[in-house]
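First up is the structure itself, then whatever we jot down about it.
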Amino acid sequence: MTLTFKALERAPVDSRHDLDTVLAAVRFNADGLIPAIAQQHDSGEVLMMAWMNREALAETLRTGRVCYWSRSRGTLWRKGESSGQQQHLKSAALDCDGDTLLLQVAQTGPACHTGRRSCFYVLLEQDGARIGSAPLIDPDTLYGKA
């Protein structure tokens with residue numbers, strides 16, 4: 001844990017801290033990434049987990065439109081560029097260690113590339129895995145046929 005996050009442990013409620021100092025203390029992994037969990041701001045529904053680098057985080061904070069880092073494409077990925085299913089940032093929070101982000105978002109339509117509201121639809125149970133939700137939109141409609 002960095003000294004910055006150690007100091008924040010004892011900071012009073014509503015105290016203000018320099019954003020650049022806090023962002024400089026964020027614990028990005030060896031690839032320069034941090035996991036970002038997107039949660040629907042009004043319902044608490046967990047929508048997805050993706051990765052952000054410092055540039056994606058800065059753009060998200062600056063514009064209010066959520067931007068991730070696409071590991072498969074090796075580039076910034078502005079949620080909804082292909083599908084139109086955007087995420088608008090309501091708030092962002094770091095965990096106590098500075099190594100995970102929680103994004104409170106307003107999600108337009110499904111968050112998952114499968115057309116489902118949430119990426120967390122494969123439910124693991126004692127006797128097997130169960131599909132917990134149907135697509136809201138056919139993925140071919142979202143992205144075109146592959």
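Letters A, B, ... go to the chains of the structure tokens in the order shown; residues in each chain start at 1; ligands are counted from 1 in the same order.
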Legend entry - Selection near A:Ala111, 9 Å with only C-alpha atoms, sequence-local residues under 5 positions removed, as an MDAnalysis selection string: chainID A and resid 47:48 79:80 85:87 116:119
Inset, instruction - Taking the DSSP assignment computed from this structure's backbone, write out as number ranges by chain all residues of stretch 26-133 of chain A that belong to alpha helix (DSSP H). - result: A: 54-63
Only N, CA and C atoms, please: the residues just picked out, written as a compact mmCIF listing (two decimals), in the first residue's frame.
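Listed below is the output, result30.txt:
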```txt
# COMPACT_ATOMS: atom_id res chain seq x y z
N ARG A 54 -4.30 4.46 -17.20
CA ARG A 54 -4.40 5.83 -16.67
C ARG A 54 -5.11 6.75 -17.67
N GLU A 55 -4.83 6.57 -18.95
CA GLU A 55 -5.45 7.42 -19.97
C GLU A 55 -6.97 7.21 -20.02
N ALA A 56 -7.41 5.96 -19.95
CA ALA A 56 -8.85 5.66 -19.96
C ALA A 56 -9.53 6.25 -18.72
N LEU A 57 -8.87 6.13 -17.58
CA LEU A 57 -9.43 6.69 -16.35
C LEU A 57 -9.52 8.21 -16.45
N ALA A 58 -8.47 8.83 -16.93
CA ALA A 58 -8.47 10.30 -17.07
C ALA A 58 -9.57 10.75 -18.03
N GLU A 59 -9.72 10.06 -19.16
CA GLU A 59 -10.76 10.43 -20.12
C GLU A 59 -12.15 10.26 -19.52
N THR A 60 -12.35 9.17 -18.78
CA THR A 60 -13.63 8.93 -18.13
C THR A 60 -13.97 10.05 -17.16
N LEU A 61 -13.00 10.43 -16.33
CA LEU A 61 -13.23 11.50 -15.37
C LEU A 61 -13.47 12.84 -16.06
N ARG A 62 -12.76 13.08 -17.15
CA ARG A 62 -12.87 14.35 -17.88
C ARG A 62 -14.18 14.48 -18.63
N THR A 63 -14.62 13.40 -19.29
CA THR A 63 -15.78 13.49 -20.19
C THR A 63 -17.08 13.00 -19.57
```
Legend entry - Residues of stretch 82-138 of chain A in strand (DSSP E), written as an MDAnalysis selection string: chainID A and resid 87:94 101:107 122:125 128:131
Legend entry - For A:Lys90, the nearest of the candidates A:Phe5, A:Gln40, A:Met52, A:Gly74, counting only C-alpha atoms: A:Gln40
Inset, instruction - Mind giving me the straight-line distance from atom CA of A:Arg65 to atom CA of A:Ala38 in Å, one decimal? - result: 12.2 Å
Legend entry - Contact residues around A:Arg78 with only C-alpha atoms at 7 Å, ignoring same-chain residues under 4 positions, as a PyMOL selection string: chain A and resi 66-68
Store the residues picked out above, limited to N, CA, C and O atoms, as a PDB file, in the first residue's frame.
```
ATOM      1  N   VAL A  66     -17.824   6.612 -19.987  1.00  0.00           N
ATOM      2  CA  VAL A  66     -16.865   5.603 -19.548  1.00  0.00           C
ATOM      3  C   VAL A  66     -16.046   5.071 -20.724  1.00  0.00           C
ATOM      4  O   VAL A  66     -16.581   4.730 -21.774  1.00  0.00           O
ATOM      5  N   CYS A  67     -14.745   5.036 -20.487  1.00  0.00           N
ATOM      6  CA  CYS A  67     -13.766   4.572 -21.471  1.00  0.00           C
ATOM      7  C   CYS A  67     -12.895   3.520 -20.789  1.00  0.00           C
ATOM      8  O   CYS A  67     -12.461   3.715 -19.650  1.00  0.00           O
ATOM      9  N   TYR A  68     -12.692   2.411 -21.462  1.00  0.00           N
ATOM     10  CA  TYR A  68     -11.861   1.329 -20.930  1.00  0.00           C
ATOM     11  C   TYR A  68     -10.659   1.129 -21.836  1.00  0.00           C
ATOM     12  O   TYR A  68     -10.528   1.757 -22.888  1.00  0.00           O
TER      13      TYR A  68
END
```
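The two atoms in question, atom CA of A:Val122 and atom CA of A:Gly109, are spaced 19.0 Å apart.
Nearest-residue note for A:Asp42: choosing from A:Ser82, A:Thr4, A:Asn29, A:Gln104, the minimum distance belongs to A:Gln104, counting only C-alpha atoms.
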What's around A:Arg71 at 12 Å? Count only C-alpha atoms, leave out sequence neighbours fewer than 6 positions away in its own chain, and write the answer as a PDB file with N, CA and C atoms, in the first residue's frame.
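Printed below is part.pdb as written:
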```pdb
ATOM      1  N   ASP A  31       0.921  -4.485 -16.441  1.00  0.00           N
ATOM      2  CA  ASP A  31       0.528  -4.046 -17.784  1.00  0.00           C
ATOM      3  C   ASP A  31      -0.004  -2.620 -17.785  1.00  0.00           C
ATOM      4  N   GLY A  32       0.043  -1.952 -16.640  1.00  0.00           N
ATOM      5  CA  GLY A  32      -0.445  -0.579 -16.549  1.00  0.00           C
ATOM      6  C   GLY A  32      -1.961  -0.491 -16.461  1.00  0.00           C
ATOM      7  N   LEU A  33      -2.602  -1.559 -15.961  1.00  0.00           N
ATOM      8  CA  LEU A  33      -4.063  -1.627 -15.933  1.00  0.00           C
ATOM      9  C   LEU A  33      -4.584  -1.790 -14.512  1.00  0.00           C
ATOM     10  N   ILE A  34      -5.839  -1.388 -14.338  1.00  0.00           N
ATOM     11  CA  ILE A  34      -6.539  -1.556 -13.077  1.00  0.00           C
ATOM     12  C   ILE A  34      -7.932  -2.103 -13.391  1.00  0.00           C
ATOM     13  N   PRO A  35      -8.424  -3.099 -12.612  1.00  0.00           N
ATOM     14  CA  PRO A  35      -9.786  -3.583 -12.858  1.00  0.00           C
ATOM     15  C   PRO A  35     -10.812  -2.517 -12.488  1.00  0.00           C
ATOM     16  N   ALA A  50     -14.143  -4.541 -16.488  1.00  0.00           N
ATOM     17  CA  ALA A  50     -13.221  -4.335 -17.610  1.00  0.00           C
ATOM     18  C   ALA A  50     -11.946  -3.713 -17.033  1.00  0.00           C
ATOM     19  N   TRP A  51     -11.039  -3.357 -17.900  1.00  0.00           N
ATOM     20  CA  TRP A  51      -9.757  -2.801 -17.480  1.00  0.00           C
ATOM     21  C   TRP A  51      -9.636  -1.353 -17.915  1.00  0.00           C
ATOM     22  N   MET A  52      -8.940  -0.569 -17.118  1.00  0.00           N
ATOM     23  CA  MET A  52      -8.618   0.818 -17.466  1.00  0.00           C
ATOM     24  C   MET A  52      -7.122   1.023 -17.298  1.00  0.00           C
ATOM     25  N   ASN A  53      -6.564   1.828 -18.186  1.00  0.00           N
ATOM     26  CA  ASN A  53      -5.220   2.334 -17.942  1.00  0.00           C
ATOM     27  C   ASN A  53      -5.388   3.783 -17.465  1.00  0.00           C
ATOM     28  N   TRP A  77     -11.186   1.915 -25.511  1.00  0.00           N
ATOM     29  CA  TRP A  77     -12.495   1.410 -25.925  1.00  0.00           C
ATOM     30  C   TRP A  77     -13.546   2.227 -25.186  1.00  0.00           C
TER      31      TRP A  77
END
```
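Look at A:Leu102: the protein and nucleic acid residues within 9 Å of it, using only C-alpha atoms and passing over chain neighbours fewer than 2 places away, are Pro35, Ala36, Ile37, Ala38, Gln39, Ser91, Ala92, Ala93, Leu94, Asp95, Thr100 and Gln104 of chain A.
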Please dump the current selection as a PDB file, in the first residue's frame; keep N, CA, C and O atoms.
```pdb
ATOM      1  N   PRO A  35      -8.424  -3.099 -12.612  1.00  0.00           N
ATOM      2  CA  PRO A  35      -9.786  -3.583 -12.858  1.00  0.00           C
ATOM      3  C   PRO A  35     -10.812  -2.517 -12.488  1.00  0.00           C
ATOM      4  O   PRO A  35     -10.670  -1.834 -11.473  1.00  0.00           O
ATOM      5  N   ALA A  36     -11.838  -2.406 -13.322  1.00  0.00           N
ATOM      6  CA  ALA A  36     -12.907  -1.435 -13.110  1.00  0.00           C
ATOM      7  C   ALA A  36     -14.246  -2.173 -13.161  1.00  0.00           C
ATOM      8  O   ALA A  36     -14.585  -2.784 -14.177  1.00  0.00           O
ATOM      9  N   ILE A  37     -14.962  -2.123 -12.062  1.00  0.00           N
ATOM     10  CA  ILE A  37     -16.266  -2.770 -11.969  1.00  0.00           C
ATOM     11  C   ILE A  37     -17.328  -1.709 -12.225  1.00  0.00           C
ATOM     12  O   ILE A  37     -17.340  -0.666 -11.567  1.00  0.00           O
ATOM     13  N   ALA A  38     -18.211  -1.969 -13.189  1.00  0.00           N
ATOM     14  CA  ALA A  38     -19.294  -1.045 -13.504  1.00  0.00           C
ATOM     15  C   ALA A  38     -20.572  -1.531 -12.839  1.00  0.00           C
ATOM     16  O   ALA A  38     -20.975  -2.682 -13.007  1.00  0.00           O
ATOM     17  N   GLN A  39     -21.199  -0.625 -12.091  1.00  0.00           N
ATOM     18  CA  GLN A  39     -22.419  -0.932 -11.357  1.00  0.00           C
ATOM     19  C   GLN A  39     -23.472   0.121 -11.709  1.00  0.00           C
ATOM     20  O   GLN A  39     -23.163   1.318 -11.752  1.00  0.00           O
ATOM     21  N   SER A  91     -20.338   8.286 -10.647  1.00  0.00           N
ATOM     22  CA  SER A  91     -19.271   8.462  -9.660  1.00  0.00           C
ATOM     23  C   SER A  91     -18.227   7.367  -9.859  1.00  0.00           C
ATOM     24  O   SER A  91     -18.506   6.330 -10.450  1.00  0.00           O
ATOM     25  N   ALA A  92     -17.039   7.644  -9.367  1.00  0.00           N
ATOM     26  CA  ALA A  92     -15.936   6.682  -9.428  1.00  0.00           C
ATOM     27  C   ALA A  92     -15.275   6.648  -8.063  1.00  0.00           C
ATOM     28  O   ALA A  92     -15.105   7.691  -7.421  1.00  0.00           O
ATOM     29  N   ALA A  93     -14.923   5.435  -7.609  1.00  0.00           N
ATOM     30  CA  ALA A  93     -14.275   5.276  -6.313  1.00  0.00           C
ATOM     31  C   ALA A  93     -13.176   4.234  -6.401  1.00  0.00           C
ATOM     32  O   ALA A  93     -13.320   3.233  -7.101  1.00  0.00           O
ATOM     33  N   LEU A  94     -12.102   4.498  -5.707  1.00  0.00           N
ATOM     34  CA  LEU A  94     -11.017   3.526  -5.571  1.00  0.00           C
ATOM     35  C   LEU A  94     -11.218   2.736  -4.287  1.00  0.00           C
ATOM     36  O   LEU A  94     -11.736   3.276  -3.299  1.00  0.00           O
ATOM     37  N   ASP A  95     -10.782   1.487  -4.287  1.00  0.00           N
ATOM     38  CA  ASP A  95     -10.820   0.717  -3.053  1.00  0.00           C
ATOM     39  C   ASP A  95      -9.689   1.191  -2.140  1.00  0.00           C
ATOM     40  O   ASP A  95      -8.866   2.028  -2.519  1.00  0.00           O
ATOM     41  N   THR A 100      -8.336  -1.215  -7.345  1.00  0.00           N
ATOM     42  CA  THR A 100      -9.583  -1.580  -8.006  1.00  0.00           C
ATOM     43  C   THR A 100     -10.502  -0.362  -8.028  1.00  0.00           C
ATOM     44  O   THR A 100     -10.574   0.373  -7.038  1.00  0.00           O
ATOM     45  N   GLN A 104     -19.888   3.885 -10.694  1.00  0.00           N
ATOM     46  CA  GLN A 104     -21.343   3.966 -10.664  1.00  0.00           C
ATOM     47  C   GLN A 104     -21.736   4.614 -11.987  1.00  0.00           C
ATOM     48  O   GLN A 104     -21.277   5.719 -12.297  1.00  0.00           O
TER      49      GLN A 104
END
```
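Between atom CA of A:Glu45 and atom CA of A:Arg10 there is a distance of 29.8 Å.
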